[in-house]
$ cat entry.csv   # CSV, C-alpha atoms
chain,number,residue,atom,x,y,z
A,1,MET,CA,-13.1,22.4,-15.8
A,2,ALA,CA,-10.1,22.0,-13.5
A,3,GLN,CA,-7.3,19.5,-13.8
A,4,HIS,CA,-6.5,17.5,-10.7
A,5,GLU,CA,-3.2,15.6,-10.6
A,6,VAL,CA,-1.9,13.2,-8.1
A,7,ASP,CA,1.7,11.9,-8.0
A,8,ILE,CA,1.9,8.7,-5.9
A,9,THR,CA,5.2,7.1,-4.9
A,10,ILE,CA,5.1,3.7,-3.2
A,11,SER,CA,8.5,3.0,-1.7
A,12,LYS,CA,10.1,-0.4,-1.6
A,13,THR,CA,9.0,-0.6,2.1
A,14,GLY,CA,5.4,0.2,1.2
A,15,GLU,CA,5.4,3.7,2.6
A,16,VAL,CA,3.4,6.0,0.3
A,17,LYS,CA,4.2,9.6,-0.6
A,18,VAL,CA,1.3,11.5,-2.3
A,19,HIS,CA,1.6,14.9,-4.0
A,20,ILE,CA,-1.8,16.4,-4.8
A,21,LYS,CA,-1.6,19.1,-7.4
A,22,GLY,CA,-4.1,21.6,-8.7
A,23,VAL,CA,-6.7,21.2,-6.0
A,24,LYS,CA,-7.6,24.3,-4.1
A,25,GLY,CA,-9.3,24.8,-0.8
A,26,LYS,CA,-11.3,22.1,0.9
A,27,GLY,CA,-11.1,19.8,-2.1
A,28,CYS,CA,-7.5,19.2,-1.2
A,29,LEU,CA,-8.4,18.0,2.2
A,30,ALA,CA,-11.0,15.7,0.7
A,31,TYR,CA,-8.3,14.1,-1.5
A,32,ALA,CA,-6.0,13.8,1.5
A,33,LYS,CA,-8.7,12.1,3.6
A,34,TRP,CA,-9.6,9.7,0.8
A,35,LEU,CA,-6.0,8.7,0.2
A,36,SER,CA,-5.2,8.3,3.8
A,37,GLU,CA,-8.2,6.1,4.4
A,38,LEU,CA,-7.2,4.0,1.4
A,39,VAL,CA,-3.6,3.5,2.4
A,40,GLY,CA,-3.3,3.6,6.1
A,41,LYS,CA,-2.1,6.2,8.6
A,42,VAL,CA,-0.9,9.8,8.0
A,43,LYS,CA,2.7,10.1,9.0
A,44,ASN,CA,3.2,13.6,7.7
A,45,GLN,CA,1.0,16.1,5.9
A,46,GLN,CA,2.0,19.5,4.5
A,47,LEU,CA,-0.5,21.9,3.0
A,48,THR,CA,0.9,24.4,0.6
A,49,SER,CA,-0.1,27.9,-0.5
A,50,GLU,CA,-2.5,26.6,-3.2
A,51,HIS,CA,-4.5,24.9,-0.5
A,52,TYR,CA,-5.3,28.3,0.9
A,53,GLU,CA,-6.5,29.8,-2.4
A,54,PRO,CA,-10.2,30.2,-2.9
A,55,GLU,CA,-12.0,27.3,-4.6
A,56,VAL,CA,-14.8,29.4,-6.0
A,57,LYS,CA,-14.9,33.2,-5.9
A,58,ALA,CA,-18.6,33.3,-5.3
A,59,LYS,CA,-18.2,31.4,-2.1
A,60,ILE,CA,-15.7,33.8,-0.8
A,61,ASP,CA,-18.0,36.7,-1.6
A,62,LEU,CA,-20.8,35.0,0.3
A,63,GLU,CA,-18.6,34.5,3.3
A,64,GLN,CA,-17.5,38.1,3.2
A,65,ASN,CA,-21.2,39.3,3.2
A,66,LEU,CA,-22.0,37.1,6.1
A,67,ALA,CA,-19.1,38.5,8.0
A,68,ILE,CA,-20.3,42.1,7.4
A,69,ASP,CA,-23.9,41.1,8.6
A,70,GLU,CA,-22.5,39.9,11.9
B,1,MET,CA,1.1,22.3,-5.4
B,2,SER,CA,-1.6,21.7,-2.9
B,3,ALA,CA,-0.6,19.1,-0.4
B,4,VAL,CA,2.1,16.5,0.2
B,5,LEU,CA,1.3,13.5,2.4
B,6,VAL,CA,3.4,10.7,3.7
B,7,LEU,CA,1.3,7.6,4.6
B,8,THR,CA,2.2,4.5,6.5
B,9,PRO,CA,0.5,1.4,5.0
B,10,ILE,CA,-2.0,-0.7,6.9
B,11,ILE,CA,-3.0,-4.0,5.4
B,12,ILE,CA,-6.6,-5.1,6.2
B,13,ALA,CA,-7.3,-7.7,3.5
B,14,SER,CA,-9.1,-10.8,2.6
B,15,TRP,CA,-7.0,-14.0,1.9
B,16,PRO,CA,-7.6,-13.7,-1.9
B,17,ALA,CA,-6.2,-10.2,-1.9
B,18,ILE,CA,-3.1,-11.4,0.1
B,19,THR,CA,-2.6,-14.3,-2.3
B,20,ALA,CA,-2.7,-11.8,-5.3
B,21,ALA,CA,-0.1,-9.6,-3.6
B,22,VAL,CA,2.1,-12.6,-2.7
B,23,ALA,CA,2.1,-13.7,-6.3
B,24,GLY,CA,3.1,-10.2,-7.4
B,25,ALA,CA,5.9,-10.1,-4.8
B,26,ALA,CA,7.1,-13.5,-5.7
B,27,SER,CA,7.3,-12.6,-9.3
B,28,ALA,CA,9.1,-9.4,-8.6
B,29,MET,CA,11.7,-11.2,-6.5
B,30,GLY,CA,12.2,-14.0,-9.0
B,31,MET,CA,10.5,-16.6,-6.7
B,32,ILE,CA,8.2,-19.4,-7.6
B,33,VAL,CA,4.8,-19.9,-6.0
B,34,ASN,CA,5.0,-23.6,-5.2
B,35,GLU,CA,1.6,-24.3,-4.0
B,36,LYS,CA,-0.9,-21.5,-4.2
B,37,VAL,CA,-2.9,-22.4,-1.1
B,38,LYS,CA,-1.5,-25.3,0.9
B,39,GLU,CA,-2.8,-27.0,4.0
B,40,VAL,CA,-0.2,-26.6,6.7
B,41,ALA,CA,2.0,-29.6,7.1
B,42,LYS,CA,1.9,-31.6,10.3
B,43,GLU,CA,4.1,-30.0,12.9
B,44,ASN,CA,5.6,-33.3,14.0
B,45,GLN,CA,7.9,-33.4,11.0
B,46,PRO,CA,11.5,-33.1,12.3
B,47,THR,CA,13.6,-30.5,10.7
B,48,SER,CA,17.1,-29.2,11.2
B,49,GLU,CA,16.5,-26.0,9.2
B,50,LYS,CA,16.4,-22.6,10.8
B,51,THR,CA,13.1,-20.8,10.5
B,52,VAL,CA,12.8,-17.0,10.9
B,53,GLU,CA,9.4,-15.4,11.3
B,54,VAL,CA,8.6,-11.7,10.4
B,55,GLU,CA,5.2,-10.3,11.3
B,56,LEU,CA,3.5,-7.5,9.4
B,57,SER,CA,2.5,-5.5,12.5
B,58,GLU,CA,0.1,-3.3,10.7
B,59,SER,CA,-1.9,-6.1,9.1
B,60,GLU,CA,-5.0,-8.1,9.5
B,61,ILE,CA,-6.2,-10.9,7.3
B,62,ILE,CA,-10.0,-11.1,7.5
B,63,ALA,CA,-10.9,-14.3,9.3
B,64,ALA,CA,-14.0,-15.0,7.3
B,65,SER,CA,-12.0,-15.1,4.0
B,66,ILE,CA,-9.7,-18.0,5.1
B,67,THR,CA,-10.2,-21.5,6.5
B,68,ALA,CA,-7.9,-22.5,9.3
B,69,ASP,CA,-4.3,-23.7,8.5
B,70,LYS,CA,-4.0,-22.3,5.0
B,71,GLU,CA,-0.8,-20.8,3.8
B,72,ILE,CA,1.0,-19.9,0.6
B,73,VAL,CA,4.5,-21.2,-0.1
B,74,VAL,CA,7.0,-19.5,-2.4
B,75,SER,CA,10.7,-20.4,-3.0
B,76,LYS,CA,13.9,-19.4,-4.6
B,77,GLY,CA,16.8,-21.8,-4.6
B,78,ASP,CA,16.9,-23.5,-1.3
B,79,ILE,CA,15.0,-20.8,0.6
B,80,GLU,CA,11.4,-21.4,1.2
B,81,ILE,CA,8.9,-18.6,2.4
B,82,ARG,CA,5.5,-19.3,3.9
B,83,ILE,CA,2.9,-16.7,4.2
B,84,LYS,CA,0.1,-17.3,6.7
B,85,ARG,CA,-2.3,-15.8,9.2
B,86,ASP,CA,-1.3,-16.0,12.8
B,87,GLN,CA,-3.7,-16.5,15.8
B,88,ASP,CA,-4.1,-12.7,16.2
B,89,GLY,CA,-5.1,-12.4,12.5
B,90,ARG,CA,-1.8,-10.8,11.4
B,91,CYS,CA,0.0,-11.7,8.2
B,92,VAL,CA,3.2,-13.6,9.0
B,93,VAL,CA,6.1,-14.3,6.7
B,94,CYS,CA,8.3,-17.3,7.6
B,95,ALA,CA,11.6,-18.0,5.9
B,96,LYS,CA,13.7,-21.2,6.1
B,97,GLY,CA,16.5,-22.8,4.2
B,98,LYS,CA,19.4,-25.2,4.8
B,99,GLY,CA,22.8,-23.6,5.0
B,100,HIS,CA,21.5,-20.1,5.6
B,101,SER,CA,22.2,-18.1,8.7
B,102,GLU,CA,19.4,-16.6,10.8
B,103,ALA,CA,20.4,-13.1,9.6
B,104,GLU,CA,20.2,-14.1,6.0
B,105,LEU,CA,16.7,-15.7,6.5
B,106,LYS,CA,15.5,-12.6,8.4
B,107,GLN,CA,16.7,-10.3,5.7
B,108,THR,CA,14.9,-12.4,3.0
B,109,ALA,CA,11.7,-12.5,5.1
B,110,GLU,CA,11.8,-8.8,5.6
B,111,GLN,CA,12.5,-8.1,1.9
B,112,PHE,CA,9.6,-10.3,1.0
B,113,SER,CA,7.2,-8.7,3.5
B,114,GLN,CA,8.1,-5.3,2.2
B,115,LYS,CA,7.6,-6.3,-1.4
B,116,LEU,CA,4.3,-7.9,-0.4
B,117,THR,CA,3.2,-4.7,1.2
B,118,GLN,CA,4.2,-2.7,-1.8
B,119,CYS,CA,2.3,-5.0,-4.2
B,120,TYR,CA,-0.8,-5.0,-2.0
B,121,ILE,CA,-0.8,-1.1,-1.8
B,122,TYR,CA,-0.2,-0.8,-5.5
B,123,ASP,CA,-3.1,-3.1,-6.4
B,124,LYS,CA,-5.4,-1.3,-4.0
B,125,VAL,CA,-4.4,2.2,-5.1
B,126,MET,CA,-4.7,1.4,-8.8
B,127,ARG,CA,-8.1,-0.2,-8.4
B,128,GLU,CA,-9.4,2.8,-6.5
B,129,LEU,CA,-7.9,5.3,-8.9
B,130,LYS,CA,-9.6,3.6,-11.9
B,131,SER,CA,-12.9,3.5,-10.0
B,132,LYS,CA,-12.6,7.3,-9.6
B,133,ASP,CA,-11.9,7.8,-13.3
B,134,PHE,CA,-8.3,8.9,-13.0
B,135,GLN,CA,-6.2,8.6,-16.1
B,136,VAL,CA,-2.7,7.1,-15.6
B,137,ILE,CA,-0.3,9.5,-17.2
B,138,ASN,CA,2.9,7.7,-16.3
B,139,GLU,CA,3.9,4.7,-14.2
B,140,GLU,CA,7.5,3.7,-13.5
B,141,VAL,CA,9.8,1.7,-11.2
B,142,THR,CA,12.6,4.0,-10.1
B,143,ASN,CA,16.2,3.1,-9.3
B,144,ASP,CA,15.4,2.7,-5.6
B,145,GLN,CA,12.6,0.2,-6.4
B,146,SER,CA,9.8,2.6,-5.7
B,147,ILE,CA,6.7,2.6,-7.9
B,148,ARG,CA,5.8,6.0,-9.1
B,149,ILE,CA,2.3,6.6,-10.5
B,150,HIS,CA,1.2,9.9,-12.0
B,151,VAL,CA,-2.5,10.3,-12.5
B,152,ARG,CA,-4.9,13.0,-13.6
B,153,ARG,CA,-8.6,13.7,-13.9
B,154,TRP,CA,-10.8,16.6,-15.0
B,155,VAL,CA,-13.5,17.9,-12.7
B,156,ASP,CA,-16.3,20.4,-13.1
$ encode --input "entry.csv" --output "structure tokens"
Amino acid sequence: MAQHEVDITISKTGEVKVHIKGVKGKGCLAYAKWLSELVGKVKNQQLTSEHYEPEVKAKIDLEQNLAIDE
Amino acid sequence: MSAVLVLTPIIIASWPAITAAVAGAASAMGMIVNEKVKEVAKENQPTSEKTVEVELSESEIIAASITADKEIVVSKGDIEIRIKRDQDGRCVVCAKGKGHSEAELKQTAEQFSQKLTQCYIYDKVMRELKSKDFQVINEEVTNDQSIRIHVRRWVD
């Protein structure tokens, strides 16, 4: 099991800063989409190195195989 | 670390959700909710008090959830704040009070609208987090009056 953590700061003006931790790959974008739809508009978004890490190794292997077939 | 987002709030809410946020904001600012849902007073009452209106530009109160001419009134000392839906459906905060300058009233109305937004977003986010089985690890109000919520969940 993986641990997903979210740190949410609602400023006194209502602006929201969200820090998504421990979520790799596309899962991170799913969280970002869910939270932005919940709160409002995205003013700024930064993806960090963990986002680019593979979610599941098997999936990466599959993609590599497909690439070779092409 | 995976991602950091900064989000600008948009309020699209029913009147009951707005009244809940107003009650939260009033409590946080030491204000009293005078009449929870009041019919708007007749406009022909003469008044010498200044009134300042602040509109929450990114807001919409769902029309079906409110009958015409409803508003909530909160007060602190001799300043009275009215929260209502304008003709375009936006949420509007009006402040008035004898002996206060326009600048003071504008500042009060803006502070209240910000607190209202913060309370509304807090309620909405907490409700959603609970529905997604997040566990609240820590929750605090920081020195700059921000609300910080730290949540966690385990996934397969």
$ atom_distance --input "entry.csv" --atom1 "atom CA of Gln45 of chain A" --atom2 "atom CA of Val6 of chain B"
6.3 Å
$ interface_residues --input "entry.csv" --of "chain B" --to "chain A" --cutoff "7 Å" --atoms "only C-alpha atoms" --output "number ranges by chain"
B: 1-10, 114-115, 117-118, 121, 145-156
$ atom_distance --input "entry.csv" --atom1 "atom CA of Lys84 of chain B" --atom2 "atom CA of Ala28 of chain B"
19.4 Å
$ closest_residue --input "entry.csv" --among "B:Arg82, B:Lys50, B:Lys70, B:Lys124" --to "Ala109 of chain B" --atoms "all atoms listed in the file"
B:Arg82
$ atom_distance --input "entry.csv" --atom1 "atom CA of Glu139 of chain B" --atom2 "atom CA of Cys119 of chain B"
14.0 Å
$ closest_residue --input "entry.csv" --among "B:Ile79, B:Ala13, B:Val52, B:Ile32" --to "Ser65 of chain B" --atoms "all atoms listed in the file"
B:Ala13
$ residues_near_point --input "entry.csv" --point "(6.3, -18.9, -1.4)" --cutoff "7 Å" --atoms "all atoms listed in the file" --output "PDB file with C-alpha atoms, in the coordinates of the input"
ATOM      1  CA  ALA B  26       7.100 -13.500  -5.700  1.00  0.00           C
ATOM      2  CA  ILE B  32       8.200 -19.400  -7.600  1.00  0.00           C
ATOM      3  CA  VAL B  33       4.800 -19.900  -6.000  1.00  0.00           C
ATOM      4  CA  ASN B  34       5.000 -23.600  -5.200  1.00  0.00           C
ATOM      5  CA  ILE B  72       1.000 -19.900   0.600  1.00  0.00           C
ATOM      6  CA  VAL B  73       4.500 -21.200  -0.100  1.00  0.00           C
ATOM      7  CA  VAL B  74       7.000 -19.500  -2.400  1.00  0.00           C
ATOM      8  CA  SER B  75      10.700 -20.400  -3.000  1.00  0.00           C
ATOM      9  CA  GLU B  80      11.400 -21.400   1.200  1.00  0.00           C
ATOM     10  CA  ILE B  81       8.900 -18.600   2.400  1.00  0.00           C
ATOM     11  CA  ARG B  82       5.500 -19.300   3.900  1.00  0.00           C
ATOM     12  CA  ILE B  83       2.900 -16.700   4.200  1.00  0.00           C
TER      13      ILE B  83
END
$ closest_residue --input "entry.csv" --among "B:Gln107, B:Val136, B:Cys91, B:Glu128" --to "Ala21 of chain B" --atoms "all atoms listed in the file"
B:Cys91
$ decode --input "entry.csv" --residues "segment 66-98 of chain B" --atoms "N, CA, C and O atoms" --output "CSV table (one decimal), in the first residue's frame"
chain,number,residue,atom,x,y,z
B,66,ILE,N,-32.7,30.2,-3.2
B,66,ILE,CA,-32.9,31.4,-2.4
B,66,ILE,C,-34.2,32.1,-3.0
B,66,ILE,O,-34.3,32.3,-4.2
B,67,THR,N,-35.0,32.5,-2.1
B,67,THR,CA,-36.2,33.3,-2.5
B,67,THR,C,-35.7,34.8,-2.6
B,67,THR,O,-34.7,35.2,-2.0
B,68,ALA,N,-36.4,35.6,-3.4
B,68,ALA,CA,-36.0,37.0,-3.6
B,68,ALA,C,-35.9,37.8,-2.3
B,68,ALA,O,-36.6,37.5,-1.4
B,69,ASP,N,-35.0,38.7,-2.3
B,69,ASP,CA,-34.9,39.7,-1.2
B,69,ASP,C,-34.5,39.0,0.1
B,69,ASP,O,-35.0,39.5,1.2
B,70,LYS,N,-33.8,38.0,0.1
B,70,LYS,CA,-33.3,37.4,1.4
B,70,LYS,C,-31.9,37.9,1.6
B,70,LYS,O,-31.1,38.0,0.7
B,71,GLU,N,-31.5,38.1,2.9
B,71,GLU,CA,-30.2,38.5,3.2
B,71,GLU,C,-29.8,38.1,4.6
B,71,GLU,O,-30.8,37.8,5.4
B,72,ILE,N,-28.6,38.0,5.0
B,72,ILE,CA,-28.2,37.7,6.3
B,72,ILE,C,-27.5,39.0,6.9
B,72,ILE,O,-26.8,39.7,6.2
B,73,VAL,N,-27.8,39.3,8.1
B,73,VAL,CA,-27.3,40.5,8.8
B,73,VAL,C,-26.4,40.1,9.9
B,73,VAL,O,-26.8,39.3,10.8
B,74,VAL,N,-25.1,40.6,10.0
B,74,VAL,CA,-24.3,40.3,11.1
B,74,VAL,C,-23.8,41.7,11.6
B,74,VAL,O,-23.7,42.7,10.8
B,75,SER,N,-23.4,41.8,12.8
B,75,SER,CA,-22.9,43.1,13.3
B,75,SER,C,-21.8,42.9,14.4
B,75,SER,O,-21.7,41.9,15.0
B,76,LYS,N,-21.1,44.0,14.5
B,76,LYS,CA,-20.1,44.1,15.6
B,76,LYS,C,-20.1,45.6,16.0
B,76,LYS,O,-19.8,46.4,15.2
B,77,GLY,N,-20.4,45.9,17.3
B,77,GLY,CA,-20.5,47.3,17.7
B,77,GLY,C,-21.6,48.0,16.8
B,77,GLY,O,-22.7,47.5,16.6
B,78,ASP,N,-21.2,49.1,16.3
B,78,ASP,CA,-22.1,49.9,15.4
B,78,ASP,C,-21.9,49.6,13.9
B,78,ASP,O,-22.5,50.4,13.1
B,79,ILE,N,-21.2,48.6,13.6
B,79,ILE,CA,-21.0,48.3,12.2
B,79,ILE,C,-21.9,47.1,11.8
B,79,ILE,O,-21.9,46.1,12.6
B,80,GLU,N,-22.7,47.3,10.8
B,80,GLU,CA,-23.6,46.2,10.4
B,80,GLU,C,-23.2,45.7,9.0
B,80,GLU,O,-22.9,46.5,8.1
B,81,ILE,N,-23.2,44.4,8.8
B,81,ILE,CA,-22.8,43.8,7.5
B,81,ILE,C,-24.0,43.0,7.0
B,81,ILE,O,-24.5,42.2,7.7
B,82,ARG,N,-24.3,43.2,5.8
B,82,ARG,CA,-25.4,42.5,5.1
B,82,ARG,C,-24.8,41.6,4.0
B,82,ARG,O,-24.1,42.2,3.2
B,83,ILE,N,-25.2,40.4,3.9
B,83,ILE,CA,-24.7,39.5,2.9
B,83,ILE,C,-26.0,39.1,2.0
B,83,ILE,O,-27.0,38.6,2.6
B,84,LYS,N,-25.9,39.3,0.7
B,84,LYS,CA,-27.0,39.1,-0.1
B,84,LYS,C,-26.6,38.6,-1.5
B,84,LYS,O,-25.4,38.7,-1.8
B,85,ARG,N,-27.5,38.3,-2.3
B,85,ARG,CA,-27.3,37.9,-3.7
B,85,ARG,C,-27.7,39.1,-4.6
B,85,ARG,O,-28.8,39.6,-4.5
B,86,ASP,N,-26.8,39.5,-5.5
B,86,ASP,CA,-27.2,40.6,-6.3
B,86,ASP,C,-28.0,40.1,-7.6
B,86,ASP,O,-28.2,38.9,-7.7
B,87,GLN,N,-28.3,41.1,-8.4
B,87,GLN,CA,-29.1,40.7,-9.6
B,87,GLN,C,-28.4,39.8,-10.6
B,87,GLN,O,-29.1,39.0,-11.3
B,88,ASP,N,-27.1,39.8,-10.6
B,88,ASP,CA,-26.3,38.9,-11.4
B,88,ASP,C,-26.0,37.6,-10.8
B,88,ASP,O,-25.3,36.7,-11.3
B,89,GLY,N,-26.5,37.4,-9.5
B,89,GLY,CA,-26.3,36.1,-8.8
B,89,GLY,C,-25.1,36.1,-8.0
B,89,GLY,O,-24.8,35.1,-7.3
B,90,ARG,N,-24.3,37.2,-8.0
B,90,ARG,CA,-23.1,37.2,-7.2
B,90,ARG,C,-23.4,37.5,-5.7
B,90,ARG,O,-24.4,38.1,-5.4
B,91,CYS,N,-22.4,37.0,-4.9
B,91,CYS,CA,-22.6,37.3,-3.4
B,91,CYS,C,-22.0,38.7,-3.2
B,91,CYS,O,-20.9,39.0,-3.6
B,92,VAL,N,-22.8,39.5,-2.4
B,92,VAL,CA,-22.3,40.8,-2.1
B,92,VAL,C,-22.3,41.1,-0.6
B,92,VAL,O,-23.2,40.6,0.1
B,93,VAL,N,-21.3,41.8,-0.2
B,93,VAL,CA,-21.2,42.1,1.3
B,93,VAL,C,-21.3,43.6,1.4
B,93,VAL,O,-20.5,44.3,0.8
B,94,CYS,N,-22.2,44.1,2.2
B,94,CYS,CA,-22.4,45.5,2.4
B,94,CYS,C,-22.2,45.9,3.8
B,94,CYS,O,-22.7,45.2,4.7
B,95,ALA,N,-21.4,46.9,4.0
B,95,ALA,CA,-21.1,47.3,5.4
B,95,ALA,C,-21.6,48.8,5.6
B,95,ALA,O,-21.4,49.6,4.7
B,96,LYS,N,-22.2,49.0,6.8
B,96,LYS,CA,-22.6,50.4,7.1
B,96,LYS,C,-22.4,50.6,8.6
B,96,LYS,O,-22.4,49.6,9.4
B,97,GLY,N,-22.3,51.8,9.0
B,97,GLY,CA,-22.1,52.1,10.4
B,97,GLY,C,-21.9,53.6,10.6
B,97,GLY,O,-21.1,54.3,9.9
B,98,LYS,N,-22.6,54.1,11.6
B,98,LYS,CA,-22.5,55.6,11.9
B,98,LYS,C,-21.1,55.9,12.4
B,98,LYS,O,-20.6,55.1,13.2
